[in-house]
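Undergrad: Hey, dropping upload.csv in here, CSV, C-alpha atoms and all ligand atoms:
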```csv
chain,number,residue,atom,x,y,z
A,265,MET,CA,-3.2,-3.8,-3.0
A,266,ARG,CA,-4.6,-0.3,-3.7
A,267,THR,CA,-5.9,1.4,-0.5
A,268,LEU,CA,-7.9,4.5,0.0
A,269,VAL,CA,-7.5,6.4,3.3
A,270,THR,CA,-10.1,9.2,3.8
A,271,GLY,CA,-8.8,11.7,6.3
A,272,GLY,CA,-5.3,10.6,5.3
A,273,ALA,CA,-3.7,14.0,5.9
A,274,GLY,CA,-4.8,14.0,9.5
A,275,PHE,CA,-3.0,12.8,12.7
A,276,LEU,CA,-4.0,9.1,12.5
A,277,GLY,CA,-4.5,9.0,8.7
A,278,SER,CA,-0.9,10.2,7.9
A,279,HIS,CA,0.6,7.5,10.2
A,280,LEU,CA,-1.7,5.0,8.5
A,281,CYS,CA,-0.5,6.1,5.1
A,282,ASP,CA,3.1,5.6,6.2
A,283,ARG,CA,2.4,2.1,7.4
A,284,LEU,CA,0.5,1.1,4.3
A,285,LEU,CA,3.2,2.3,2.0
A,286,SER,CA,5.9,0.5,4.0
A,287,ASP,CA,3.7,-2.7,3.7
A,288,GLY,CA,3.7,-2.3,-0.1
A,289,HIS,CA,0.3,-0.8,-0.7
A,290,ASP,CA,-0.5,1.8,-3.3
A,291,VAL,CA,-2.2,4.5,-1.3
A,292,ILE,CA,-4.8,7.1,-2.2
A,293,CYS,CA,-5.1,9.8,0.5
A,294,LEU,CA,-8.4,11.7,0.3
A,295,ASP,CA,-8.7,14.8,2.5
A,296,ASN,CA,-10.4,18.2,2.5
A,297,PHE,CA,-7.7,19.6,4.8
A,298,PHE,CA,-10.2,20.8,7.5
A,299,THR,CA,-7.9,19.5,10.3
A,300,GLY,CA,-5.4,17.7,8.1
A,301,ARG,CA,-2.1,19.3,7.1
A,302,LYS,CA,0.1,18.9,4.0
A,303,ASP,CA,3.0,18.9,6.4
A,304,ASN,CA,1.8,15.5,7.7
A,305,ILE,CA,2.2,13.9,4.3
A,306,ARG,CA,4.8,16.2,2.6
A,307,HIS,CA,7.4,13.4,2.9
A,308,LEU,CA,5.1,11.2,0.8
A,309,LEU,CA,4.3,13.6,-2.0
A,310,GLY,CA,7.1,12.4,-4.3
A,311,ASN,CA,6.4,8.7,-3.7
A,312,PRO,CA,5.1,7.1,-6.9
A,313,ASP,CA,2.9,4.8,-4.8
A,314,PHE,CA,1.1,7.7,-3.1
A,315,GLU,CA,-1.7,9.9,-4.5
A,316,LEU,CA,-3.4,12.8,-2.9
A,317,MET,CA,-7.0,13.8,-3.7
A,318,ARG,CA,-8.3,17.0,-2.3
A,319,HIS,CA,-12.0,16.1,-1.8
A,320,ASP,CA,-14.8,16.2,0.7
A,321,VAL,CA,-16.3,12.9,1.7
A,322,ILE,CA,-19.8,14.3,1.8
A,323,ASP,CA,-19.6,14.5,-2.0
A,324,PRO,CA,-19.6,11.2,-3.9
A,325,PHE,CA,-16.4,10.0,-5.4
A,326,LYS,CA,-15.2,6.9,-7.4
A,327,VAL,CA,-11.9,5.1,-7.2
A,328,GLU,CA,-10.9,1.5,-7.9
A,329,VAL,CA,-9.5,0.2,-4.6
A,330,ASP,CA,-9.2,-3.1,-2.7
A,331,TRP,CA,-9.4,-1.5,0.8
A,332,ILE,CA,-10.9,1.6,2.3
A,333,PHE,CA,-10.1,3.1,5.7
A,334,ASN,CA,-12.7,5.8,6.5
A,335,LEU,CA,-11.1,8.2,8.9
A,336,ALA,CA,-12.4,11.5,7.6
A,337,CYS,CA,-14.0,13.4,10.5
A,338,PRO,CA,-12.6,16.1,12.8
A,339,ALA,CA,-11.8,14.4,16.1
A,340,SER,CA,-11.2,17.1,18.7
A,341,PRO,CA,-14.1,18.8,20.4
A,342,ILE,CA,-13.0,22.2,19.3
A,343,HIS,CA,-13.0,21.2,15.7
A,344,TYR,CA,-16.1,19.0,15.6
A,345,GLN,CA,-18.1,21.6,17.5
A,346,TYR,CA,-16.9,24.4,15.1
A,347,ASN,CA,-19.6,23.4,12.6
A,348,PRO,CA,-21.6,20.6,14.2
A,349,ILE,CA,-24.0,20.2,11.2
A,350,LYS,CA,-21.0,19.6,9.0
A,351,THR,CA,-19.7,17.1,11.5
A,352,VAL,CA,-22.9,15.1,11.3
A,353,LYS,CA,-22.8,15.3,7.5
A,354,THR,CA,-19.2,14.2,7.4
A,355,SER,CA,-19.9,11.1,9.5
A,356,VAL,CA,-23.2,10.1,8.0
A,357,MET,CA,-22.8,11.1,4.3
A,358,GLY,CA,-19.1,10.2,4.4
A,359,ALA,CA,-20.1,6.7,5.6
A,360,ILE,CA,-22.8,6.4,2.9
A,361,ASN,CA,-20.4,7.5,0.2
A,362,CYS,CA,-17.6,5.2,1.3
A,363,LEU,CA,-19.9,2.2,1.8
A,364,GLY,CA,-21.5,2.8,-1.6
A,365,LEU,CA,-18.0,2.8,-3.1
A,366,ALA,CA,-17.1,-0.4,-1.2
A,367,LYS,CA,-20.2,-2.1,-2.4
A,368,ARG,CA,-19.5,-1.1,-6.1
A,369,VAL,CA,-15.9,-2.1,-6.2
A,370,ASN,CA,-16.1,-4.9,-3.7
A,371,ALA,CA,-13.6,-3.4,-1.2
A,372,ARG,CA,-13.1,-4.3,2.4
A,373,ILE,CA,-13.9,-1.1,4.4
A,374,PHE,CA,-12.8,0.0,7.9
A,375,GLN,CA,-14.6,2.6,10.0
A,376,ALA,CA,-12.8,4.7,12.5
A,377,SER,CA,-15.4,4.7,15.2
A,378,THR,CA,-14.9,5.9,18.7
A,379,SER,CA,-15.2,5.4,22.4
A,380,GLU,CA,-17.6,8.4,22.2
A,381,VAL,CA,-20.3,6.0,21.1
A,382,TYR,CA,-20.4,5.0,24.8
A,383,GLY,CA,-21.0,8.6,25.8
A,384,ASP,CA,-20.5,9.2,29.6
A,385,PRO,CA,-20.4,5.5,30.4
A,386,THR,CA,-22.3,3.9,33.3
A,387,GLU,CA,-20.3,0.7,32.8
A,388,HIS,CA,-16.6,0.4,33.5
A,389,PRO,CA,-14.5,-0.6,31.7
A,390,GLN,CA,-16.5,-0.4,28.5
A,391,THR,CA,-17.2,-3.6,26.6
A,392,GLU,CA,-18.4,-3.6,23.0
A,393,THR,CA,-21.8,-4.9,24.2
A,394,TYR,CA,-22.4,-1.8,26.3
A,395,ARG,CA,-24.9,0.4,24.5
A,396,GLY,CA,-23.7,3.7,25.8
A,397,ASN,CA,-25.0,6.8,27.6
A,398,VAL,CA,-25.0,9.6,25.0
A,399,ASN,CA,-26.9,12.8,25.3
A,400,PRO,CA,-28.5,13.1,21.9
A,401,ILE,CA,-28.9,16.9,22.1
A,402,GLY,CA,-25.7,18.0,23.9
A,403,PRO,CA,-22.7,19.7,22.4
A,404,ARG,CA,-20.8,16.4,21.8
A,405,ALA,CA,-23.9,14.8,20.1
A,406,CYS,CA,-22.9,15.9,16.5
A,407,TYR,CA,-19.8,13.7,16.9
A,408,ASP,CA,-21.1,10.9,19.1
A,409,GLU,CA,-24.4,10.5,17.3
A,410,GLY,CA,-22.8,10.9,13.9
A,411,LYS,CA,-20.4,8.1,14.7
A,412,ARG,CA,-23.2,6.0,16.1
A,413,CYS,CA,-25.2,6.5,12.9
A,414,ALA,CA,-22.1,5.6,10.8
A,415,GLU,CA,-21.8,2.3,12.7
A,416,THR,CA,-25.5,1.7,12.0
A,417,LEU,CA,-24.9,2.3,8.3
A,418,PHE,CA,-21.8,0.0,8.3
A,419,PHE,CA,-23.8,-2.9,9.8
A,420,ASP,CA,-26.8,-2.3,7.5
A,421,TYR,CA,-24.6,-2.4,4.4
A,422,HIS,CA,-23.0,-5.5,5.8
A,423,ARG,CA,-26.4,-7.2,6.4
A,424,GLU,CA,-28.2,-6.0,3.4
A,425,ASN,CA,-25.4,-5.8,0.8
A,426,LYS,CA,-22.8,-8.1,2.2
A,427,VAL,CA,-20.2,-5.3,2.3
A,428,ASP,CA,-17.0,-6.6,3.9
A,429,ILE,CA,-16.8,-4.2,6.9
A,430,ARG,CA,-14.5,-3.8,9.9
A,431,VAL,CA,-15.4,-1.4,12.7
A,432,GLY,CA,-12.8,-0.3,15.3
A,433,ARG,CA,-13.9,1.8,18.3
A,434,ILE,CA,-10.8,4.0,19.0
A,435,PHE,CA,-10.1,5.3,22.5
A,436,ASN,CA,-8.0,8.4,23.1
A,437,THR,CA,-4.9,8.2,21.0
A,438,TYR,CA,-1.9,10.6,20.9
A,439,GLY,CA,1.4,11.1,19.3
A,440,PRO,CA,3.4,13.2,16.8
A,441,ARG,CA,1.4,15.1,14.2
A,442,MET,CA,-1.4,16.0,16.6
A,443,LEU,CA,-2.4,19.6,15.9
A,444,GLU,CA,-1.0,21.8,18.6
A,445,ASP,CA,-4.1,24.0,18.7
A,446,ASP,CA,-6.8,21.3,18.5
A,447,GLY,CA,-7.7,21.3,22.2
A,448,ARG,CA,-7.0,17.7,22.8
A,449,VAL,CA,-5.5,17.1,26.2
A,450,VAL,CA,-2.2,15.6,25.4
A,451,SER,CA,-1.2,18.1,22.8
A,452,ASN,CA,-2.6,21.0,24.9
A,453,PHE,CA,-0.7,20.1,28.0
A,454,ILE,CA,2.6,19.5,26.1
A,455,VAL,CA,2.4,22.7,24.1
A,456,GLN,CA,1.4,24.7,27.2
A,457,ALA,CA,4.3,23.2,29.3
A,458,LEU,CA,6.9,23.9,26.5
A,459,ARG,CA,5.7,27.5,26.3
A,460,GLY,CA,5.6,27.9,30.0
A,461,GLU,CA,2.0,28.8,29.8
A,462,ASP,CA,-0.8,27.9,32.3
A,463,ILE,CA,-1.9,24.2,32.1
A,464,THR,CA,-5.6,24.4,31.5
A,465,MET,CA,-7.2,21.8,33.7
A,466,TYR,CA,-10.9,21.4,33.1
A,467,GLY,CA,-12.7,20.4,36.3
A,468,LYS,CA,-10.7,19.0,39.2
A,469,GLY,CA,-8.7,16.7,36.9
A,470,ASP,CA,-10.1,13.6,38.6
A,471,GLN,CA,-11.8,12.5,35.3
A,472,THR,CA,-9.9,9.6,33.7
A,473,ARG,CA,-8.8,8.6,30.2
A,474,SER,CA,-6.7,5.7,28.9
A,475,PHE,CA,-4.1,6.9,26.4
A,476,CYS,CA,-2.9,4.9,23.5
A,477,TYR,CA,0.3,5.7,21.5
A,478,VAL,CA,-0.4,6.1,17.7
A,479,ASP,CA,2.0,3.2,16.6
A,480,ASP,CA,0.1,0.7,18.8
A,481,LEU,CA,-3.2,1.8,17.3
A,482,ILE,CA,-2.0,1.6,13.7
A,483,GLU,CA,-0.9,-1.9,14.3
A,484,ALA,CA,-4.4,-2.7,15.6
A,485,PHE,CA,-6.0,-1.2,12.5
A,486,MET,CA,-3.8,-3.5,10.3
A,487,ARG,CA,-4.7,-6.6,12.4
A,488,LEU,CA,-8.4,-5.8,12.3
A,489,MET,CA,-8.3,-5.4,8.6
A,490,THR,CA,-6.3,-8.6,7.9
A,491,GLN,CA,-8.2,-11.1,10.1
A,492,GLU,CA,-11.4,-12.9,9.2
A,493,GLU,CA,-12.8,-13.8,12.6
A,494,THR,CA,-14.8,-10.6,13.4
A,495,VAL,CA,-16.2,-7.6,11.6
A,496,GLY,CA,-16.3,-5.7,15.0
A,497,PRO,CA,-17.0,-3.5,16.6
A,498,VAL,CA,-13.7,-4.0,18.5
A,499,ASN,CA,-12.4,-1.6,21.1
A,500,LEU,CA,-8.9,-0.3,20.2
A,501,GLY,CA,-7.0,1.6,22.8
A,502,ASN,CA,-4.8,1.3,25.8
A,503,PRO,CA,-6.3,0.1,29.1
A,504,ASN,CA,-4.0,2.0,31.4
A,505,GLU,CA,-6.2,4.6,33.0
A,506,PHE,CA,-4.9,7.9,34.3
A,507,THR,CA,-6.5,10.9,35.8
A,508,ILE,CA,-6.1,14.1,33.8
A,509,LEU,CA,-4.3,15.6,36.8
A,510,GLU,CA,-1.8,12.7,36.7
A,511,LEU,CA,-1.2,13.4,33.0
A,512,ALA,CA,-0.6,17.1,33.7
A,513,GLU,CA,1.9,16.3,36.5
A,514,LYS,CA,3.8,13.8,34.2
A,515,VAL,CA,4.0,16.3,31.4
A,516,ILE,CA,5.2,19.1,33.7
A,517,ALA,CA,7.9,16.8,35.2
A,518,MET,CA,9.0,15.4,31.8
A,519,THR,CA,9.3,18.9,30.2
A,520,GLY,CA,10.9,20.4,33.3
A,521,SER,CA,8.4,23.2,32.9
A,522,SER,CA,7.6,26.0,35.3
A,523,ALA,CA,4.0,26.0,34.1
A,524,LYS,CA,1.3,26.1,36.7
A,525,ILE,CA,-2.0,24.2,36.6
A,526,VAL,CA,-4.9,26.5,36.4
A,527,TYR,CA,-8.5,25.2,36.9
A,528,HIS,CA,-11.3,25.9,34.5
A,529,PRO,CA,-15.0,24.7,34.5
A,530,LEU,CA,-15.5,21.2,33.2
A,531,PRO,CA,-17.3,21.3,29.7
A,532,SER,CA,-20.8,19.8,29.7
A,533,ASP,CA,-21.1,16.1,29.0
A,534,ASP,CA,-17.4,15.5,29.6
A,535,PRO,CA,-17.2,11.8,30.3
A,536,VAL,CA,-16.0,11.0,33.9
A,537,ARG,CA,-14.2,7.7,33.3
A,538,ARG,CA,-13.1,5.9,30.2
A,539,GLN,CA,-11.2,2.7,29.8
A,540,PRO,CA,-11.5,0.0,27.0
A,541,ASP,CA,-12.1,-3.6,27.8
A,542,LEU,CA,-9.7,-5.2,25.3
A,543,ALA,CA,-10.9,-8.9,25.6
A,544,LEU,CA,-12.2,-8.9,22.0
A,545,ALA,CA,-9.0,-7.3,20.6
A,546,ARG,CA,-6.8,-9.8,22.5
A,547,LYS,CA,-8.9,-12.7,21.3
A,548,HIS,CA,-9.4,-11.8,17.6
A,549,LEU,CA,-6.4,-9.6,16.8
A,550,ASP,CA,-3.9,-11.1,19.3
A,551,TRP,CA,-3.1,-7.5,20.0
A,552,GLU,CA,-2.0,-5.6,23.1
A,553,PRO,CA,-0.7,-2.0,23.2
A,554,GLU,CA,3.0,-2.0,24.0
A,555,VAL,CA,4.1,1.6,24.4
A,556,ARG,CA,3.9,2.9,28.0
A,557,LEU,CA,2.5,6.4,28.6
A,558,GLU,CA,6.0,7.8,29.6
A,559,ALA,CA,7.6,6.4,26.4
A,560,GLY,CA,4.9,7.8,24.2
A,561,LEU,CA,4.9,11.1,25.9
A,562,GLU,CA,8.6,11.4,25.4
A,563,ARG,CA,8.3,10.9,21.7
A,564,THR,CA,5.4,13.3,21.5
A,565,ILE,CA,7.2,16.0,23.5
A,566,GLU,CA,10.3,15.5,21.2
A,567,TYR,CA,8.0,16.1,18.2
A,568,PHE,CA,6.6,19.3,19.6
A,569,MET,CA,10.0,20.6,20.6
A,570,GLU,CA,11.4,20.0,17.1
A,571,LYS,CA,8.4,21.7,15.6
A,572,ARG,CA,9.0,24.8,17.9
A,573,GLN,CA,12.7,24.9,16.9
A,574,ALA,CA,11.8,24.7,13.2
A,575,GLU,CA,9.4,27.7,13.5
B,601,LIG,P1,-7.7,14.6,12.6
B,601,LIG,O1,-8.6,15.7,12.8
B,601,LIG,O2,-6.2,14.8,12.7
B,601,LIG,O3,-8.0,13.8,11.2
B,601,LIG,C1,-9.2,13.9,10.5
B,601,LIG,C2,-8.9,14.1,9.0
B,601,LIG,O4,-10.1,14.1,8.3
B,601,LIG,C3,-8.2,15.4,8.7
B,601,LIG,O5,-7.2,15.2,7.9
B,601,LIG,C4,-9.4,16.2,8.1
B,601,LIG,O6,-8.9,17.3,7.3
B,601,LIG,C5,-10.1,15.2,7.4
B,601,LIG,N1,-11.5,15.5,7.2
B,601,LIG,C6,-12.4,16.1,8.1
B,601,LIG,N2,-13.6,16.2,7.5
B,601,LIG,C7,-13.5,15.8,6.2
B,601,LIG,C8,-14.4,15.8,5.1
B,601,LIG,N3,-15.6,16.2,5.2
B,601,LIG,N4,-13.9,15.3,3.9
B,601,LIG,C9,-12.6,14.9,3.8
B,601,LIG,N5,-11.7,14.9,4.8
B,601,LIG,C10,-12.2,15.4,6.0
B,601,LIG,O7,-8.1,13.5,13.6
B,601,LIG,P2,-7.6,12.0,14.0
B,601,LIG,O8,-7.3,12.0,15.4
B,601,LIG,O9,-6.5,11.7,13.0
B,601,LIG,O10,-8.8,11.1,13.8
B,601,LIG,C11,-9.0,10.3,12.6
B,601,LIG,C12,-10.3,9.5,12.8
B,601,LIG,O11,-10.2,8.7,13.9
B,601,LIG,C13,-11.5,10.3,12.9
B,601,LIG,O12,-12.6,9.7,12.2
B,601,LIG,C14,-11.8,10.3,14.4
B,601,LIG,O13,-13.2,10.4,14.7
B,601,LIG,C15,-11.3,8.9,14.8
B,601,LIG,N6,-10.9,8.8,16.2
B,601,LIG,C16,-9.7,9.4,16.6
B,601,LIG,C17,-9.4,9.3,18.0
B,601,LIG,C18,-8.1,9.9,18.6
B,601,LIG,O14,-7.9,9.8,19.8
B,601,LIG,N7,-7.2,10.4,17.8
B,601,LIG,C19,-10.3,8.6,18.9
B,601,LIG,C20,-11.5,8.1,18.4
B,601,LIG,C21,-11.8,8.2,17.0
B,602,LIG,N1,-8.9,18.5,29.1
B,602,LIG,C1,-8.4,19.4,30.1
B,602,LIG,N2,-7.6,20.4,29.6
B,602,LIG,C2,-7.4,20.6,28.2
B,602,LIG,C3,-8.0,19.7,27.3
B,602,LIG,C4,-8.8,18.7,27.8
B,602,LIG,O1,-8.5,19.2,31.3
B,602,LIG,O2,-6.7,21.6,27.9
B,602,LIG,C5,-9.7,17.4,29.6
B,602,LIG,C6,-11.1,17.2,29.0
B,602,LIG,O3,-12.0,18.0,29.7
B,602,LIG,C7,-11.4,15.8,29.1
B,602,LIG,C8,-10.0,15.1,29.0
B,602,LIG,O4,-9.0,16.2,29.3
B,602,LIG,O5,-11.9,15.4,30.4
B,602,LIG,C9,-9.7,14.6,27.6
B,602,LIG,O6,-10.0,15.6,26.6
B,602,LIG,P1,-9.9,15.4,25.1
B,602,LIG,O7,-10.5,16.5,24.4
B,602,LIG,O8,-8.4,15.2,24.8
B,602,LIG,O9,-10.6,14.0,24.7
B,602,LIG,P2,-12.1,13.4,25.0
B,602,LIG,O10,-12.8,14.3,26.1
B,602,LIG,O11,-12.7,13.5,23.7
B,602,LIG,O12,-11.8,12.1,25.5
```
In structure tokens, write the structure found in this file.
Ligand code: NAD
Ligand code: UDP

TA:
Amino acid sequence: MRTLVTGGAGFLGSHLCDRLLSDGHDVICLDNFFTGRKDNIRHLLGNPDFELMRHDVIDPFKVEVDWIFNLACPASPIHYQYNPIKTVKTSVMGAINCLGLAKRVNARIFQASTSEVYGDPTEHPQTETYRGNVNPIGPRACYDEGKRCAETLFFDYHRENKVDIRVGRIFNTYGPRMLEDDGRVVSNFIVQALRGEDITMYGKGDQTRSFCYVDDLIEAFMRLMTQEETVGPVNLGNPNEFTILELAEKVIAMTGSSAKIVYHPLPSDDPVRRQPDLALARKHLDWEPEVRLEAGLERTIEYFMEKRQAE
């Protein structure tokens, strides 16, 4: 099996490359290094089954592969809002280029979609049939609407051209190799706690998220790609919901930090609650996340501590 991973030098992409290589795939990692890092894949560079392509998904490309995982897209609000038009192009033109390739070479193709397609949800927990509550002109729209349009393209290529798609809607996932300055809550809080800096709480901290550890998510990717029952969309995440304040308290306790929580205004369109309904994932993938938040945080804290020591 030869497999292309776009965004393969990023947080999730690099873990996916590791998993594919250990399962015996030949892996081509395509990345423009906007938020990806060579450090995430440095350990793979000498592997004869691993190839790195510096390329932007908005420009067409051609490779002979059996599977494609399309992960290329900045995922944190700071990065996807840095150049919102580029974010839309990455999602939409990236999807078109990957789907065109899948069509030409007859590859199965996975789209890394997101819980953001549900926007600030009015249904809780979110099932795949819920159509969402996205503000199309707000600051998160470049990402949310880009990802929604990518899903549209996936299903149109599937209906029109019989492209063999799989669509996973990923909920907040964390773990080693998150960028420490990308503004996502788990990495922000851990890095702030380790440095003894103020913990930046947006709003009162009563908004909730459900956090999935990266290893659980990668297992779900593989199960979604290898089963034949559904093309998706399937929610992928951990259903254990925590308030952001609870997360901050856990991180402070686990790092033994003297950092104080400091309150800042809540960014606009910040979803109030988010929790995946996993019925479809359980049914079709026979999958359930296994890593509890404390265990995942422990491994992530360890990663950031080692990184600090190496610097
Ligand atoms: P990340 O920012 O670490 O990885 C994204 C990767 O894509 C990076 O390596 C980046 O350099 C690359 N990239 C960005 N634009 C590109 C372009 N135009 N051409 C080529 N490469 C490009 O983020 P991540 O958390 O690993 O997310 C991976 C995918 O999963 C994204 O599509 C994201 O939307 C999706 N997702 C992630 C989460 C999460 O919680 N981590 C949740 C929902 C969806
Ligand atoms: N958040 C926070 N402090 C931070 C970073 C994020 O309070 O330093 C909040 C943010 O407002 C949101 C939640 O944590 O309510 C999750 O944010 P993240 O950017 O990680 O993910 P998303 O909002 O995309 O789910």

Undergrad: Need the shell around stretch 278-293 of chain A: protein/DNA/RNA residues with any atom at most 8 Å away, counting all atoms listed in the file. Skip same-chain ones fewer than 3 positions apart. Format as an MDAnalysis selection string?

TA: chainID A and resid 265:275 304:305 313:317 478:479 482

Undergrad: Might you pull out every residue within 12 Å of A:Glu392, with only C-alpha atoms counted and same-chain residues fewer than 6 positions away left off, and present them as a PyMOL selection string?

TA: chain A and resi 377-379+381-382+385+431-434+496-500+539-545

Undergrad: Could you report the residues within 8 Å of ligand LIG 601 (chain B), using all atoms listed in the file, as a JSON list (two decimals) with C-alpha atoms, in the coordinates of the input?

TA:
```json
[["chain", "number", "residue", "atom", "x", "y", "z"],
["A", 270, "THR", "CA", -10.10, 9.20, 3.80],
["A", 271, "GLY", "CA", -8.80, 11.70, 6.30],
["A", 272, "GLY", "CA", -5.30, 10.60, 5.30],
["A", 273, "ALA", "CA", -3.70, 14.00, 5.90],
["A", 274, "GLY", "CA", -4.80, 14.00, 9.50],
["A", 275, "PHE", "CA", -3.00, 12.80, 12.70],
["A", 276, "LEU", "CA", -4.00, 9.10, 12.50],
["A", 277, "GLY", "CA", -4.50, 9.00, 8.70],
["A", 278, "SER", "CA", -0.90, 10.20, 7.90],
["A", 294, "LEU", "CA", -8.40, 11.70, 0.30],
["A", 295, "ASP", "CA", -8.70, 14.80, 2.50],
["A", 296, "ASN", "CA", -10.40, 18.20, 2.50],
["A", 297, "PHE", "CA", -7.70, 19.60, 4.80],
["A", 298, "PHE", "CA", -10.20, 20.80, 7.50],
["A", 299, "THR", "CA", -7.90, 19.50, 10.30],
["A", 300, "GLY", "CA", -5.40, 17.70, 8.10],
["A", 301, "ARG", "CA", -2.10, 19.30, 7.10],
["A", 318, "ARG", "CA", -8.30, 17.00, -2.30],
["A", 319, "HIS", "CA", -12.00, 16.10, -1.80],
["A", 320, "ASP", "CA", -14.80, 16.20, 0.70],
["A", 321, "VAL", "CA", -16.30, 12.90, 1.70],
["A", 322, "ILE", "CA", -19.80, 14.30, 1.80],
["A", 334, "ASN", "CA", -12.70, 5.80, 6.50],
["A", 335, "LEU", "CA", -11.10, 8.20, 8.90],
["A", 336, "ALA", "CA", -12.40, 11.50, 7.60],
["A", 337, "CYS", "CA", -14.00, 13.40, 10.50],
["A", 338, "PRO", "CA", -12.60, 16.10, 12.80],
["A", 339, "ALA", "CA", -11.80, 14.40, 16.10],
["A", 340, "SER", "CA", -11.20, 17.10, 18.70],
["A", 343, "HIS", "CA", -13.00, 21.20, 15.70],
["A", 350, "LYS", "CA", -21.00, 19.60, 9.00],
["A", 351, "THR", "CA", -19.70, 17.10, 11.50],
["A", 353, "LYS", "CA", -22.80, 15.30, 7.50],
["A", 354, "THR", "CA", -19.20, 14.20, 7.40],
["A", 355, "SER", "CA", -19.90, 11.10, 9.50],
["A", 358, "GLY", "CA", -19.10, 10.20, 4.40],
["A", 375, "GLN", "CA", -14.60, 2.60, 10.00],
["A", 376, "ALA", "CA", -12.80, 4.70, 12.50],
["A", 377, "SER", "CA", -15.40, 4.70, 15.20],
["A", 378, "THR", "CA", -14.90, 5.90, 18.70],
["A", 379, "SER", "CA", -15.20, 5.40, 22.40],
["A", 380, "GLU", "CA", -17.60, 8.40, 22.20],
["A", 407, "TYR", "CA", -19.80, 13.70, 16.90],
["A", 411, "LYS", "CA", -20.40, 8.10, 14.70],
["A", 433, "ARG", "CA", -13.90, 1.80, 18.30],
["A", 434, "ILE", "CA", -10.80, 4.00, 19.00],
["A", 435, "PHE", "CA", -10.10, 5.30, 22.50],
["A", 436, "ASN", "CA", -8.00, 8.40, 23.10],
["A", 437, "THR", "CA", -4.90, 8.20, 21.00],
["A", 438, "TYR", "CA", -1.90, 10.60, 20.90],
["A", 441, "ARG", "CA", 1.40, 15.10, 14.20],
["A", 442, "MET", "CA", -1.40, 16.00, 16.60],
["A", 443, "LEU", "CA", -2.40, 19.60, 15.90],
["A", 476, "CYS", "CA", -2.90, 4.90, 23.50]]
```

Undergrad: Find the residues near ligand LIG 602 (chain B). Use a cut-off of 6 Å, count only C-alpha atoms and all ligand atoms, and write them as a PyMOL selection string.

TA: chain A and resi 340-341+436+447-449+452+464-466+471+508+530+534

Undergrad: Go through A:Asp303, A:Asp480, A:Glu415, A:Glu558 and flag the residue nearest A:Val356, using all atoms listed in the file for the distances.

TA: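 That would be A:Glu415, the residue with the smallest distance to A:Val356.
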
Undergrad: With distances taken over only C-alpha atoms, which of A:Asn502, A:Asp470, A:Phe568, A:Met518 is nearest to A:Asp445?

TA: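 Distance minimum relative to A:Asp445 lands on A:Phe568.
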
Undergrad: Report as lines of an AutoDock Vina configuration file the centre and the edge lengths, in Å to one decimal, of the axis-aligned box holding every listed atom of stretch 360-377 of chain A, padded by 4 Å on each side.

TA:
```
center_x = -17.8
center_y = 1.3
center_z = 4.5
size_x = 18.0
size_y = 20.4
size_z = 29.4
```

Undergrad: Find, counting only C-alpha atoms, the residue in A:Arg368, A:Pro348, A:Glu493, A:Ile342 that gets nearest to A:Glu409.

TA: A:Pro348

Undergrad: Between atom CA of A:Leu417 and atom CA of A:Pro389, what is the distance, to one decimal in Å?

TA: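 About the pair atom CA of A:Leu417 and atom CA of A:Pro389: they are 25.8 Å apart.
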
Undergrad: Using Å and a single decimal, report how far atom CA of A:Arg546 sits from atom CA of A:Ala359.

TA: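 Pair atom CA of A:Ala359 / atom CA of A:Arg546 returns 27.1 Å.
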
Undergrad: Find the spatial neighbours of A:Ile516, counting only C-alpha atoms, within a cut-off of 10 Å - ignore same-chain residues fewer than 3 positions away - and output them as a list in words.

TA: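 Residues meeting the cut-off are Phe453, Ile454, Gln456, Ala457, Leu458, Gly460, Ile463, Glu510, Leu511, Ala512, Glu513, Thr519, Gly520, Ser521, Ser522, Ala523, Lys524 and Ile525 of chain A.
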
Undergrad: Go ahead and write the residues just picked, C-alpha atoms, as a PDB file, in the frame of the given file.

TA:
```
ATOM      1  CA  PHE A 453      -0.700  20.100  28.000  1.00  0.00           C
ATOM      2  CA  ILE A 454       2.600  19.500  26.100  1.00  0.00           C
ATOM      3  CA  GLN A 456       1.400  24.700  27.200  1.00  0.00           C
ATOM      4  CA  ALA A 457       4.300  23.200  29.300  1.00  0.00           C
ATOM      5  CA  LEU A 458       6.900  23.900  26.500  1.00  0.00           C
ATOM      6  CA  GLY A 460       5.600  27.900  30.000  1.00  0.00           C
ATOM      7  CA  ILE A 463      -1.900  24.200  32.100  1.00  0.00           C
ATOM      8  CA  GLU A 510      -1.800  12.700  36.700  1.00  0.00           C
ATOM      9  CA  LEU A 511      -1.200  13.400  33.000  1.00  0.00           C
ATOM     10  CA  ALA A 512      -0.600  17.100  33.700  1.00  0.00           C
ATOM     11  CA  GLU A 513       1.900  16.300  36.500  1.00  0.00           C
ATOM     12  CA  THR A 519       9.300  18.900  30.200  1.00  0.00           C
ATOM     13  CA  GLY A 520      10.900  20.400  33.300  1.00  0.00           C
ATOM     14  CA  SER A 521       8.400  23.200  32.900  1.00  0.00           C
ATOM     15  CA  SER A 522       7.600  26.000  35.300  1.00  0.00           C
ATOM     16  CA  ALA A 523       4.000  26.000  34.100  1.00  0.00           C
ATOM     17  CA  LYS A 524       1.300  26.100  36.700  1.00  0.00           C
ATOM     18  CA  ILE A 525      -2.000  24.200  36.600  1.00  0.00           C
TER      19      ILE A 525
END
```

Undergrad: Please, what distance in Å, to one decimal, runs between atom CA of A:Leu481 and atom CA of A:Val329?

TA: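 Atom CA of A:Val329 lies at a distance of 22.8 Å from atom CA of A:Leu481.
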
Undergrad: Just the residues within 8 Å of A:Arg538, please, counting all atoms listed in the file, with nothing from its chain fewer than 2 positions along; format it as number ranges by chain.

TA: A: 385, 388-390, 472-474, 505, 535-536, 540
